[in-house]
file my_file_24.txt (compact mmCIF, C-alpha atoms)
# COMPACT_ATOMS: atom_id res chain seq x y z
CA MET A 1 31.42 93.72 161.48
CA ASN A 2 32.58 97.34 161.61
CA ARG A 3 30.87 100.73 161.46
CA LYS A 4 30.90 100.72 157.66
CA ASP A 5 29.34 97.23 157.47
CA LEU A 6 26.65 98.24 159.93
CA SER A 7 25.99 101.47 158.06
CA ILE A 8 25.41 99.48 154.84
CA LYS A 9 22.91 97.27 156.67
CA LYS A 10 21.19 100.33 158.05
CA GLN A 11 20.89 101.97 154.63
CA ALA A 12 19.50 98.81 153.00
CA PRO A 13 15.76 99.06 152.21
CA LYS A 14 13.79 97.19 154.85
CA ARG A 15 10.14 96.87 155.77
CA LEU A 16 8.37 95.47 158.82
CA GLU A 17 4.80 94.59 157.87
CA HIS A 18 3.35 92.79 160.84
CA VAL A 19 4.23 91.73 164.38
CA ALA A 20 2.32 89.62 166.89
CA PHE A 21 3.55 88.55 170.31
CA GLN A 22 2.96 84.98 171.44
CA PRO A 23 4.07 83.08 174.55
CA ALA A 24 7.72 82.15 174.12
CA LYS A 25 8.31 78.43 173.72
CA LYS A 26 11.52 76.51 173.24
CA GLY A 27 12.28 75.66 169.64
CA LYS A 28 9.89 78.19 168.13
CA LEU A 29 12.63 80.60 167.14
CA PRO A 30 15.93 79.74 165.49
CA LYS A 31 19.25 80.00 167.31
CA PRO A 32 20.32 81.93 169.30
CA LEU A 33 16.79 82.41 170.63
CA ASP A 34 15.72 78.77 170.38
CA LYS A 35 15.86 78.29 174.16
CA LEU A 36 13.63 81.27 174.88
CA SER A 37 10.71 80.24 177.09
CA GLY A 38 9.00 81.13 180.34
CA THR A 39 5.63 82.07 181.70
CA ARG A 40 6.46 85.79 181.60
CA LEU A 41 8.12 85.86 178.19
CA HIS A 42 6.44 86.61 174.89
CA ALA A 43 8.12 86.86 171.52
CA THR A 44 7.24 87.56 167.92
CA SER A 45 8.19 85.15 165.19
CA LEU A 46 11.33 85.82 163.19
CA VAL A 47 10.08 88.68 161.02
CA ASN A 48 11.62 89.03 157.58
CA LEU A 49 12.64 92.61 156.75
CA GLY A 50 14.15 91.96 153.33
CA GLU A 51 17.78 92.18 152.20
CA GLY A 52 18.65 89.11 154.31
CA LEU A 53 17.74 90.93 157.51
CA CYS A 54 15.16 89.95 160.09
CA ALA A 55 13.93 90.96 163.53
CA VAL A 56 12.52 89.42 166.69
CA PHE A 57 10.86 91.32 169.54
CA VAL A 58 10.70 89.98 173.08
CA TRP A 59 8.37 91.24 175.80
CA LYS A 60 8.68 90.28 179.43
CA THR A 61 5.69 90.88 181.65
CA ALA A 62 5.86 91.10 185.45
CA PRO A 63 3.80 92.32 188.41
CA VAL A 64 5.55 95.71 188.66
CA VAL A 65 6.64 97.99 185.85
CA GLU A 66 10.32 98.00 186.90
CA GLN A 67 10.45 94.27 186.20
CA ARG A 68 8.92 94.48 182.74
CA GLN A 69 11.18 94.55 179.72
CA LEU A 70 11.25 94.91 175.95
CA TYR A 71 13.94 93.78 173.54
CA GLY A 72 14.25 94.16 169.79
CA TRP A 73 16.80 92.06 167.90
CA LEU A 74 18.10 92.82 164.42
CA PHE A 75 19.66 89.80 162.72
CA GLN A 76 21.38 89.10 159.45
CA SER A 77 20.88 85.67 157.88
CA VAL A 78 24.21 83.96 157.40
CA GLU A 79 25.11 80.52 156.08
CA ASN A 80 25.14 78.83 159.47
CA GLY A 81 22.24 80.69 161.08
CA LEU A 82 21.68 84.21 162.35
CA LEU A 83 24.22 86.90 163.08
CA PRO A 84 22.98 89.48 165.61
CA LEU A 85 23.63 93.02 164.41
CA ALA A 86 21.93 94.93 167.20
CA ARG A 87 19.65 94.65 170.18
CA MET A 88 17.52 97.51 171.47
CA ASP A 89 16.60 97.18 175.14
CA TYR A 90 14.10 98.83 177.40
CA HIS A 91 14.17 97.80 181.03
CA PRO A 92 13.04 100.55 183.32
CA SER A 93 14.56 99.01 186.45
CA HIS A 94 17.79 100.93 185.97
CA LYS A 95 18.32 101.89 182.37
CA ASN A 96 16.10 103.49 179.80
CA LEU A 97 16.19 102.84 176.09
CA HIS A 98 19.59 101.72 174.79
CA VAL A 99 21.06 99.76 171.93
CA ILE A 100 23.88 97.22 171.83
CA LEU A 101 25.71 96.92 168.52
CA ASN A 102 27.77 94.12 167.01
CA CYS A 103 30.49 96.53 165.95
CA ASP A 104 34.29 96.21 165.99
CA ARG A 105 34.00 93.05 168.06
CA ASP A 106 36.62 90.61 166.91
CA LEU A 107 34.42 87.56 167.42
CA ASP A 108 32.09 85.52 165.24
CA LEU A 109 28.80 86.05 167.07
CA SER A 110 26.73 83.89 164.70
CA ASN A 111 23.93 82.23 166.69
CA ARG A 112 25.05 84.06 169.83
CA GLY A 113 24.03 87.02 171.94
CA LEU A 114 26.00 90.24 172.10
CA PRO A 115 28.51 89.77 174.94
CA GLY A 116 30.94 92.63 175.45
CA CYS A 117 29.50 94.71 172.62
CA LYS A 118 29.26 98.49 172.48
CA GLU A 119 26.24 100.09 174.05
CA PHE A 120 24.66 103.44 173.24
CA ALA A 121 21.98 105.25 175.21
CA LEU A 122 18.97 106.48 173.24
CA ARG A 123 16.52 109.27 173.97
CA GLU A 124 14.57 108.35 177.09
CA VAL A 125 10.95 107.24 176.84
CA ALA A 126 8.28 106.46 179.43
CA ILE A 127 6.54 103.31 178.29
CA ASP A 128 4.99 100.30 179.95
CA PRO A 129 5.87 97.03 178.22
CA ASP A 130 2.54 95.56 179.34
CA ASN A 131 0.68 98.21 177.34
CA GLU A 132 0.09 97.10 173.76
CA HIS A 133 0.26 100.62 172.37
CA ASP A 134 3.57 101.17 174.18
CA ARG A 135 4.97 97.96 172.74
CA LEU A 136 4.12 99.20 169.26
CA HIS A 137 5.75 102.51 170.15
CA PHE A 138 8.92 100.60 171.09
CA ILE A 139 8.80 98.76 167.76
CA ALA A 140 8.30 102.08 165.94
CA ILE A 141 11.43 103.49 167.61
CA PHE A 142 13.33 100.34 166.66
CA CYS A 143 12.25 100.78 163.05
CA GLU A 144 13.15 104.46 163.08
CA ARG A 145 16.61 103.74 164.50
CA PHE A 146 17.41 101.01 161.99
CA ASN A 147 15.80 102.62 158.95
CA ILE A 148 12.99 100.10 158.63
CA LYS A 149 9.73 101.12 156.94
CA LEU A 150 6.84 100.19 159.15
CA GLY A 151 3.64 98.53 158.05
CA GLU A 152 1.98 98.23 154.68
CA ASP A 153 0.44 101.14 152.80
CA THR A 154 -1.87 102.02 155.66
CA GLY A 155 0.85 101.74 158.33
CA LEU A 156 1.01 99.57 161.41
CA LEU A 157 0.30 102.32 163.93
CA MET B 1 41.75 107.04 201.67
CA ASN B 2 38.04 106.63 202.24
CA LEU B 3 36.24 104.54 199.60
CA ASP B 4 32.54 105.29 199.19
CA ILE B 5 31.43 101.89 197.90
CA CYS B 6 27.77 102.57 198.57
CA LYS B 7 27.55 105.25 195.87
CA ASP B 8 27.82 102.48 193.27
CA PHE B 9 24.63 100.85 194.52
CA ILE B 10 21.25 102.42 193.81
CA THR B 11 18.07 101.52 195.68
CA ARG B 12 14.54 102.56 194.72
CA GLN B 13 11.04 101.82 195.88
CA THR B 14 8.77 99.77 193.64
CA ALA B 15 5.05 99.10 193.97
CA ASN B 16 5.72 95.96 195.98
CA GLY B 17 9.11 96.50 197.59
CA LEU B 18 12.57 97.68 196.62
CA LEU B 19 15.00 97.32 193.79
CA LEU B 20 18.76 97.39 194.13
CA VAL B 21 20.93 98.20 191.13
CA THR B 22 24.43 96.82 191.65
CA PRO B 23 27.63 97.80 189.83
CA LEU B 24 28.03 94.16 188.78
CA ARG B 25 27.24 93.54 185.13
CA TYR B 26 26.04 90.79 182.83
CA ASP B 27 28.13 90.05 179.74
CA ASP B 28 25.92 92.31 177.64
CA GLY B 29 26.75 95.31 179.85
CA ASP B 30 23.46 95.50 181.74
CA GLN B 31 23.79 95.96 185.47
CA ILE B 32 22.66 93.18 187.76
CA THR B 33 19.50 94.37 189.46
CA VAL B 34 17.74 92.50 192.25
CA PHE B 35 14.31 93.03 193.77
CA ALA B 36 13.22 92.69 197.40
CA GLU B 37 9.56 91.90 197.96
CA HIS B 38 7.36 91.21 200.96
CA VAL B 39 6.57 87.57 201.65
CA GLY B 40 4.21 87.72 204.60
CA ARG B 41 6.12 89.58 207.30
CA MET B 42 9.47 88.68 205.76
CA TRP B 43 11.32 89.76 202.60
CA GLN B 44 12.49 87.76 199.64
CA VAL B 45 15.10 88.89 197.13
CA HIS B 46 15.14 87.70 193.50
CA ASP B 47 16.85 88.52 190.23
CA ASN B 48 13.60 88.81 188.20
CA GLY B 49 14.81 85.99 185.94
CA ASP B 50 17.37 88.28 184.31
CA ALA B 51 20.30 85.85 184.64
CA ALA B 52 18.31 83.05 182.99
CA LEU B 53 17.16 85.41 180.23
CA ARG B 54 20.79 86.33 179.48
CA LEU B 55 21.57 82.62 179.11
CA MET B 56 18.58 82.11 176.80
CA PHE B 57 19.72 85.10 174.72
CA ASP B 58 23.01 83.27 174.24
CA GLY B 59 21.33 80.03 173.17
CA ILE B 60 21.70 78.28 176.54
CA ASP B 61 18.84 76.37 178.16
CA PRO B 62 18.68 77.07 181.93
CA ASP B 63 17.01 73.66 182.29
CA ALA B 64 20.17 71.92 181.05
CA PRO B 65 21.24 69.23 183.54
CA ARG B 66 24.62 70.79 184.36
CA ILE B 67 23.01 74.13 185.19
CA GLN B 68 20.25 72.56 187.25
CA ASN B 69 22.81 70.45 189.12
CA TRP B 70 24.79 73.56 189.93
CA LEU B 71 21.68 75.39 191.09
CA SER B 72 20.80 72.46 193.35
CA ASP B 73 24.29 72.65 194.86
CA GLN B 74 23.64 76.29 195.80
CA SER B 75 20.53 75.56 197.84
CA ALA B 76 22.24 76.62 201.07
CA ARG B 77 22.33 80.24 199.86
CA ILE B 78 19.80 80.62 197.00
CA HIS B 79 16.86 78.79 195.43
CA TRP B 80 15.76 78.34 191.86
CA ASN B 81 12.15 79.22 191.05
CA GLU B 82 11.50 76.87 188.15
CA ALA B 83 8.18 78.46 187.17
CA LEU B 84 9.70 81.92 186.79
CA ASP B 85 13.28 80.91 185.90
CA GLN B 86 14.53 83.17 188.65
CA ILE B 87 17.07 83.06 191.45
CA GLU B 88 15.53 83.69 194.87
CA SER B 89 16.79 84.07 198.41
CA ASP B 90 15.24 82.46 201.45
CA PRO B 91 12.71 84.70 203.19
CA VAL B 92 14.75 87.07 205.41
CA GLU B 93 14.18 89.77 208.02
CA GLU B 94 14.41 93.36 206.82
CA ALA B 95 17.83 93.67 208.46
CA ASP B 96 19.16 90.88 206.24
CA ILE B 97 17.93 92.19 202.86
CA VAL B 98 21.38 93.47 201.86
CA LEU B 99 23.08 90.15 202.55
CA ALA B 100 20.35 88.30 200.64
CA ALA B 101 20.72 90.77 197.76
CA PHE B 102 24.45 90.05 197.54
CA LYS B 103 23.84 86.30 197.54
CA VAL B 104 21.32 86.60 194.69
CA ALA B 105 23.54 89.00 192.71
CA GLN B 106 26.53 86.71 193.17
CA ALA B 107 24.54 83.71 191.93
CA ALA B 108 23.33 85.77 188.92
CA VAL B 109 26.95 86.53 187.97
CA GLN B 110 27.91 82.89 188.34
CA LEU B 111 24.92 81.67 186.35
CA GLN B 112 25.97 83.90 183.45
CA ALA B 113 29.26 82.00 183.29
CA PHE B 114 27.33 78.97 182.05
CA SER B 115 27.20 80.63 178.65
CA ALA B 116 30.52 78.81 178.25
CA LEU B 117 28.38 75.66 177.90
CA ARG B 118 27.07 76.90 174.57
CA THR B 119 28.57 74.00 172.65
CA THR B 120 31.89 72.31 172.86
CA ARG B 121 34.22 72.77 169.93
CA HIS B 122 34.14 69.01 169.50
CA GLU B 123 30.36 68.85 169.12
CA SER B 124 30.34 71.86 166.92
CA ALA B 125 32.94 70.36 164.55
CA PHE B 126 30.96 67.12 164.23
CA LYS B 127 27.66 68.84 163.59
CA GLY B 128 29.24 71.29 161.17
CA GLU B 129 30.84 68.47 159.22
CA ILE B 130 27.53 66.60 158.88
CA ILE B 131 25.62 69.74 157.88
CA ALA B 132 28.22 70.49 155.20
CA LEU B 133 27.96 66.92 153.94
CA LEU B 134 24.15 67.06 153.82
CA LYS B 135 24.30 70.31 151.83
CA GLN B 136 26.66 68.60 149.41
CA ILE B 137 24.26 65.64 149.09
CA ALA B 138 21.38 68.04 148.43
CA GLU B 139 23.35 69.54 145.55
CA GLU B 140 24.38 66.14 144.18
CA THR B 141 20.88 64.68 144.28
CA GLY B 142 18.86 67.81 143.57
CA VAL B 143 16.62 66.99 146.54
CA THR B 144 15.64 70.12 148.48
CA ALA B 145 17.04 70.23 152.02
CA GLN B 146 15.82 72.42 154.87
CA PHE B 147 17.72 72.85 158.10
CA ASP B 148 16.46 73.15 161.71
CA VAL B 149 12.96 71.99 160.80
CA PRO B 150 10.30 71.17 163.45
CA LEU B 151 8.78 67.69 163.16
CA ASP B 152 5.73 68.23 165.36
CA GLU B 153 3.03 70.87 165.71
CA ASN B 154 4.38 72.15 169.01
CA GLN B 155 7.85 72.47 167.51
CA LEU B 156 9.41 70.52 170.34
CA LEU B 157 11.16 67.98 168.12
CA MET B 158 13.59 69.47 165.65
CA ALA B 159 15.33 67.80 162.73
CA ASP B 160 18.75 69.18 161.88
CA CYS B 161 17.93 68.56 158.23
CA ARG B 162 14.84 67.50 156.31
CA PHE B 163 15.00 66.38 152.72
CA ALA B 164 11.72 67.04 150.92
CA GLY B 165 10.22 64.93 148.15
CA SER B 166 7.94 61.94 147.82
CA LYS B 167 10.00 60.09 150.46
CA PRO B 168 10.86 62.82 152.98
CA VAL B 169 13.84 62.10 155.20
CA ALA B 170 14.57 63.81 158.52
CA ILE B 171 18.11 63.66 159.83
CA ILE B 172 18.98 64.22 163.47
CA ILE B 173 22.59 64.76 164.42
CA ALA B 174 22.78 63.06 167.79
CA ASN B 175 25.79 64.49 169.58
CA SER B 176 24.37 63.44 172.97
CA THR B 177 22.19 60.71 174.43
CA GLU B 178 19.40 63.25 174.92
CA ARG B 179 19.52 64.19 171.27
CA LEU B 180 19.38 60.54 170.24
CA LEU B 181 16.30 60.14 172.44
CA GLU B 182 14.74 63.10 170.62
CA ALA B 183 15.29 61.23 167.36
CA GLU B 184 13.47 58.22 168.82
CA LEU B 185 10.64 60.42 170.07
CA ALA B 186 10.34 62.07 166.66
CA PHE B 187 10.20 58.65 164.97
CA SER B 188 7.48 57.42 167.34
CA HIS B 189 5.51 60.67 166.99
CA LEU B 190 5.59 60.63 163.19
CA ARG B 191 4.51 56.98 163.06
CA ARG B 192 1.61 57.71 165.39
CA MET B 193 0.56 60.61 163.17
CA GLY B 194 0.74 58.44 160.06
CA ASP B 195 3.55 60.56 158.63
CA ASN B 196 5.85 58.57 156.35
CA THR B 197 8.93 60.76 156.92
CA GLN B 198 11.93 58.55 157.52
CA VAL B 199 13.88 59.47 160.66
CA LEU B 200 17.61 58.86 160.48
CA ALA B 201 19.98 59.59 163.35
CA VAL B 202 23.72 59.94 163.11
CA VAL B 203 26.13 59.73 166.05
CA GLU B 204 29.79 60.59 165.90
CA ASN B 205 30.89 57.26 167.37
CA ALA B 206 29.27 54.52 169.40
CA LYS B 207 31.64 55.03 172.32
CA SER B 208 30.54 58.63 172.95
CA ILE B 209 26.83 57.71 173.05
CA GLY B 210 26.91 54.12 174.24
CA HIS B 211 26.45 50.87 172.32
CA LYS B 212 23.27 50.04 174.21
CA GLN B 213 21.72 53.42 173.31
CA ILE B 214 22.54 52.92 169.65
CA ALA B 215 21.19 49.37 169.64
CA ARG B 216 17.91 50.65 171.07
CA ALA B 217 17.80 53.62 168.68
CA ASN B 218 17.93 51.25 165.71
CA TYR B 219 14.53 49.95 166.79
CA PHE B 220 13.09 53.45 167.32
CA THR B 221 14.46 55.23 164.25
CA ASP B 222 14.51 54.08 160.66
CA LYS B 223 18.29 53.82 160.98
CA THR B 224 20.95 55.11 163.35
CA TYR B 225 24.35 55.58 161.72
CA GLU B 226 27.78 55.76 163.29
CA TYR B 227 29.83 58.37 161.44
CA GLN B 228 33.45 58.19 162.56
CA GLY B 229 35.29 55.68 160.41
CA PHE B 230 32.30 55.34 158.05
CA GLU B 231 32.29 58.82 156.50
CA ARG B 232 32.13 57.68 152.86
CA ALA B 233 29.65 54.93 153.65
CA PHE B 234 27.39 57.47 155.40
CA HIS B 235 27.56 59.74 152.35
CA GLY B 236 26.56 56.85 150.08
CA ALA B 237 23.83 55.59 152.42
CA ILE B 238 22.08 58.96 152.58
CA LYS B 239 22.27 59.37 148.80
CA ASP B 240 20.84 55.89 148.30
CA THR B 241 18.01 56.68 150.70
CA LEU B 242 17.09 59.78 148.74
CA GLN B 243 17.23 58.20 145.28

call {"tool": "encode", "arguments": {"input": "my_file_24.txt", "output": "structure tokens"}}
result
Amino acid sequence: MNRKDLSIKKQAPKRLEHVAFQPAKKGKLPKPLDKLSGTRLHATSLVNLGEGLCAVFVWKTAPVVEQRQLYGWLFQSVENGLLPLARMDYHPSHKNLHVILNCDRDLDLSNRGLPGCKEFALREVAIDPDNEHDRLHFIAIFCERFNIKLGEDTGLL
Amino acid sequence: MNLDICKDFITRQTANGLLLVTPLRYDDGDQITVFAEHVGRMWQVHDNGDAALRLMFDGIDPDAPRIQNWLSDQSARIHWNEALDQIESDPVEEADIVLAAFKVAQAAVQLQAFSALRTTRHESAFKGEIIALLKQIAEETGVTAQFDVPLDENQLLMADCRFAGSKPVAIIIANSTERLLEAELAFSHLRRMGDNTQVLAVVENAKSIGHKQIARANYFTDKTYEYQGFERAFHGAIKDTLQ
């Protein structure tokens, strides 16, 4: 996966129609997120975006805002599972919004995370992952960054 | 030369204590951050479950026996909070927060190394070979096959492959004793629910799983096959089952 490949994925028409967070349970999501579980973790289902691409959003709640986190995964369906293309993170403990890209990494990362991948800082935001509106704002930024149309005719937000 | 190591560590107040950002990093580039919180008149340091989350993001279950055994071995310096999947220090005096923070951060780095447990190349080759064979059988028979399909409502029991049709067949590739037990659980669950899906398990060879385990599995699955040395027979047996 190089810059050109990623650019093609970004340009592809995509649409996110609906998201709903539920408590994360083992086996609910496909690999590499099949082991995701925990009392503080919530995740959406694997949301189809079209063009063989899909997304999952993960929300971690905690007693204080610095411990709360949001993650957005962009995957491509491949023959043996899911290939992560990007992950957008928000964890206000030490780093604001940033994205990790599967780009120029000479490894098959199918059904894996994004170890050792390039990271880019994004424009800072002040959001609280425990706030539903802020979670939708995070998802809206994710969609904006990856050229994903959001919602049906009336819009999600 | 005077090295200012402290400048690479950042501390901040939170609503219930402190956070310490270290220059150590997880594999995904995020810095290891630990939190110190009041526990009565003492302090406790924890990693907020970040190390376990990194493992889960790489498809590793922190509850896996080898990881839990390792965590138990570390009980002299850190503890595992099972409910929160987080690494915690013993309660310490304020003067010992820094030392506790280093212990927790060190354990977080070490825990990340368990991503090497993802799957062994051996297991992966076996599973890959069976999946490829099942796809071939689906094409040959025209029976629709789905992969990684849950067999129960809670999605705790997963079939590696499920052939649809009037006589549905679930196939579980048992590359470990635990996985073979899952096949037996799935079989028992489906029978209890009145579901007529046949549950077939396949192990690479009897030696790797244990003859006794396989003998038992043949009573608690519709059939448990040994693959190595019987590759063509397995191919034929699955086709016969579907037709």

call {"tool": "closest_atom_pairs", "arguments": {"input": "my_file_24.txt", "of": "chain B", "to": "chain A", "cutoff": "7 Å", "atoms": "only C-alpha atoms", "output": "JSON lines"}}
result
{"residue": "B:Ala15", "atom": "CA", "partner": "A:Val64", "partner_atom": "CA", "distance": 6.3}
{"residue": "B:Val21", "atom": "CA", "partner": "A:His94", "partner_atom": "CA", "distance": 6.6}
{"residue": "B:Asp27", "atom": "CA", "partner": "A:Pro115", "partner_atom": "CA", "distance": 4.8}
{"residue": "B:Asp28", "atom": "CA", "partner": "A:Pro115", "partner_atom": "CA", "distance": 4.5}
{"residue": "B:Gly29", "atom": "CA", "partner": "A:Gly116", "partner_atom": "CA", "distance": 6.6}
{"residue": "B:Asn48", "atom": "CA", "partner": "A:Gln67", "partner_atom": "CA", "distance": 6.6}
{"residue": "B:Met56", "atom": "CA", "partner": "A:Leu36", "partner_atom": "CA", "distance": 5.4}
{"residue": "B:Phe57", "atom": "CA", "partner": "A:Gly113", "partner_atom": "CA", "distance": 5.5}
{"residue": "B:Asp58", "atom": "CA", "partner": "A:Gly113", "partner_atom": "CA", "distance": 4.5}
{"residue": "B:Gly59", "atom": "CA", "partner": "A:Pro32", "partner_atom": "CA", "distance": 4.4}
{"residue": "B:Ile60", "atom": "CA", "partner": "A:Lys35", "partner_atom": "CA", "distance": 6.3}
{"residue": "B:Asp61", "atom": "CA", "partner": "A:Lys35", "partner_atom": "CA", "distance": 5.3}
{"residue": "B:Leu84", "atom": "CA", "partner": "A:Thr39", "partner_atom": "CA", "distance": 6.5}
{"residue": "B:Gln155", "atom": "CA", "partner": "A:Gly27", "partner_atom": "CA", "distance": 5.9}
{"residue": "B:Leu156", "atom": "CA", "partner": "A:Gly27", "partner_atom": "CA", "distance": 5.9}

call {"tool": "residues_around", "arguments": {"input": "my_file_24.txt", "residues": "A:Val58", "least_positions_apart": "2", "cutoff": "7 Å", "atoms": "all atoms listed in the file", "output": "JSON list (two decimals) with C-alpha atoms, in the frame of the given file"}}
result
[["chain", "number", "residue", "atom", "x", "y", "z"],
["A", 42, "HIS", "CA", 6.44, 86.61, 174.89],
["A", 43, "ALA", "CA", 8.12, 86.86, 171.52],
["A", 44, "THR", "CA", 7.24, 87.56, 167.92],
["A", 56, "VAL", "CA", 12.52, 89.42, 166.69],
["A", 60, "LYS", "CA", 8.68, 90.28, 179.43],
["A", 70, "LEU", "CA", 11.25, 94.91, 175.95],
["A", 71, "TYR", "CA", 13.94, 93.78, 173.54],
["A", 72, "GLY", "CA", 14.25, 94.16, 169.79]]

call {"tool": "atom_distance", "arguments": {"input": "my_file_24.txt", "atom1": "atom CA of B:Asn218", "atom2": "atom CA of B:Arg232"}}
result
20.2 Å

call {"tool": "atom_distance", "arguments": {"input": "my_file_24.txt", "atom1": "atom CA of A:Asp134", "atom2": "atom CA of A:Lys14"}}
result
22.2 Å

call {"tool": "atom_distance", "arguments": {"input": "my_file_24.txt", "atom1": "atom CA of B:Ala186", "atom2": "atom CA of B:Gln198"}}
result
9.9 Å

call {"tool": "closest_residue", "arguments": {"input": "my_file_24.txt", "among": "B:His189, B:Arg216, B:Lys103, B:Arg54", "to": "B:Ile78", "atoms": "all atoms listed in the file"}}
result
B:Lys103

call {"tool": "residues_around", "arguments": {"input": "my_file_24.txt", "residues": "stretch 219-223 of chain B", "least_positions_apart": "2", "cutoff": "12 Å", "atoms": "all atoms listed in the file", "output": "ChimeraX atom specification"}}
result
/B:169-172,174,180-191,196-203,212-217,225-226,234,237-238,241

call {"tool": "residues_around", "arguments": {"input": "my_file_24.txt", "residues": "A:Lys149", "least_positions_apart": "4", "cutoff": "10 Å", "atoms": "all atoms listed in the file", "output": "NGL selection string"}}
result
:A and (13-17 or 49 or 140 or 143-144 or 155-156)

call {"tool": "write_last_selection", "arguments": {"input": "my_file_24.txt", "atoms": "C-alpha atoms", "output": "PDB file, in the coordinates of the input"}}
result
ATOM      1  CA  PRO A  13      15.760  99.060 152.210  1.00  0.00           C
ATOM      2  CA  LYS A  14      13.790  97.190 154.850  1.00  0.00           C
ATOM      3  CA  ARG A  15      10.140  96.870 155.770  1.00  0.00           C
ATOM      4  CA  LEU A  16       8.370  95.470 158.820  1.00  0.00           C
ATOM      5  CA  GLU A  17       4.800  94.590 157.870  1.00  0.00           C
ATOM      6  CA  LEU A  49      12.640  92.610 156.750  1.00  0.00           C
ATOM      7  CA  ALA A 140       8.300 102.080 165.940  1.00  0.00           C
ATOM      8  CA  CYS A 143      12.250 100.780 163.050  1.00  0.00           C
ATOM      9  CA  GLU A 144      13.150 104.460 163.080  1.00  0.00           C
ATOM     10  CA  GLY A 155       0.850 101.740 158.330  1.00  0.00           C
ATOM     11  CA  LEU A 156       1.010  99.570 161.410  1.00  0.00           C
TER      12      LEU A 156
END

call {"tool": "residues_near_point", "arguments": {"input": "my_file_24.txt", "point": "(16.5, 101.1, 175.0)", "cutoff": "7 Å", "atoms": "all atoms listed in the file", "output": "list in words"}}
result
Met88, Asp89, Tyr90, Asn96, Leu97, His98, Val99, Ala121 and Leu122 of chain A

call {"tool": "residues_around", "arguments": {"input": "my_file_24.txt", "residues": "stretch 130-138 of chain B", "least_positions_apart": "4", "cutoff": "8 Å", "atoms": "all atoms listed in the file", "output": "short mmCIF file (atom, residue, chain, number, x, y, z; two decimals) with C-alpha atoms, in the coordinates of the input"}}
result
data_model
loop_
_atom_site.label_atom_id
_atom_site.label_comp_id
_atom_site.auth_asym_id
_atom_site.auth_seq_id
_atom_site.Cartn_x
_atom_site.Cartn_y
_atom_site.Cartn_z
CA PHE B 126 30.96 67.12 164.23
CA GLY B 142 18.86 67.81 143.57
CA VAL B 143 16.62 66.99 146.54
CA THR B 144 15.64 70.12 148.48
CA ALA B 145 17.04 70.23 152.02
CA ASP B 160 18.75 69.18 161.88
CA CYS B 161 17.93 68.56 158.23
CA PHE B 163 15.00 66.38 152.72
CA ILE B 173 22.59 64.76 164.42
CA HIS B 235 27.56 59.74 152.35
CA ILE B 238 22.08 58.96 152.58
CA LYS B 239 22.27 59.37 148.80
#

call {"tool": "closest_residue", "arguments": {"input": "my_file_24.txt", "among": "B:Val45, B:Ala95, B:Leu151, B:Ala233", "to": "B:Met193", "atoms": "all atoms listed in the file"}}
result
B:Leu151

call {"tool": "closest_residue", "arguments": {"input": "my_file_24.txt", "among": "A:Arg135, A:Arg87, A:Arg123, A:Arg105", "to": "A:Arg3", "atoms": "only C-alpha atoms"}}
result
A:Arg105

call {"tool": "residues_near_point", "arguments": {"input": "my_file_24.txt", "point": "(11.1, 79.8, 188.7)", "cutoff": "12 Å", "atoms": "only C-alpha atoms", "output": "PyMOL selection string"}}
result
(chain A and resi 37-40) or (chain B and resi 46-53+62-63+68+71+79-88)

call {"tool": "build_atoms", "arguments": {"input": "my_file_24.txt", "residues": "stretch 139-148 of chain A", "atoms": "N, CA and C atoms", "output": "PDB file, in the frame of the given file"}}
result
ATOM      1  N   ILE A 139       8.474  99.328 169.078  1.00  0.00           N
ATOM      2  CA  ILE A 139       8.800  98.760 167.760  1.00  0.00           C
ATOM      3  C   ILE A 139       8.990  99.894 166.731  1.00  0.00           C
ATOM      4  N   ALA A 140       8.169 100.938 166.864  1.00  0.00           N
ATOM      5  CA  ALA A 140       8.300 102.080 165.940  1.00  0.00           C
ATOM      6  C   ALA A 140       9.652 102.768 166.124  1.00  0.00           C
ATOM      7  N   ILE A 141      10.104 102.886 167.369  1.00  0.00           N
ATOM      8  CA  ILE A 141      11.430 103.490 167.610  1.00  0.00           C
ATOM      9  C   ILE A 141      12.519 102.601 167.016  1.00  0.00           C
ATOM     10  N   PHE A 142      12.374 101.294 167.219  1.00  0.00           N
ATOM     11  CA  PHE A 142      13.330 100.340 166.660  1.00  0.00           C
ATOM     12  C   PHE A 142      13.437 100.537 165.143  1.00  0.00           C
ATOM     13  N   CYS A 143      12.274 100.626 164.514  1.00  0.00           N
ATOM     14  CA  CYS A 143      12.250 100.780 163.050  1.00  0.00           C
ATOM     15  C   CYS A 143      12.876 102.118 162.636  1.00  0.00           C
ATOM     16  N   GLU A 144      12.590 103.143 163.394  1.00  0.00           N
ATOM     17  CA  GLU A 144      13.150 104.460 163.080  1.00  0.00           C
ATOM     18  C   GLU A 144      14.677 104.406 163.193  1.00  0.00           C
ATOM     19  N   ARG A 145      15.172 103.786 164.252  1.00  0.00           N
ATOM     20  CA  ARG A 145      16.610 103.740 164.500  1.00  0.00           C
ATOM     21  C   ARG A 145      17.348 102.938 163.434  1.00  0.00           C
ATOM     22  N   PHE A 146      16.711 101.881 162.930  1.00  0.00           N
ATOM     23  CA  PHE A 146      17.410 101.010 161.990  1.00  0.00           C
ATOM     24  C   PHE A 146      16.899 101.178 160.549  1.00  0.00           C
ATOM     25  N   ASN A 147      16.223 102.290 160.317  1.00  0.00           N
ATOM     26  CA  ASN A 147      15.800 102.620 158.950  1.00  0.00           C
ATOM     27  C   ASN A 147      14.923 101.531 158.342  1.00  0.00           C
ATOM     28  N   ILE A 148      13.904 101.142 159.104  1.00  0.00           N
ATOM     29  CA  ILE A 148      12.990 100.100 158.630  1.00  0.00           C
ATOM     30  C   ILE A 148      11.623 100.742 158.401  1.00  0.00           C
TER      31      ILE A 148
END
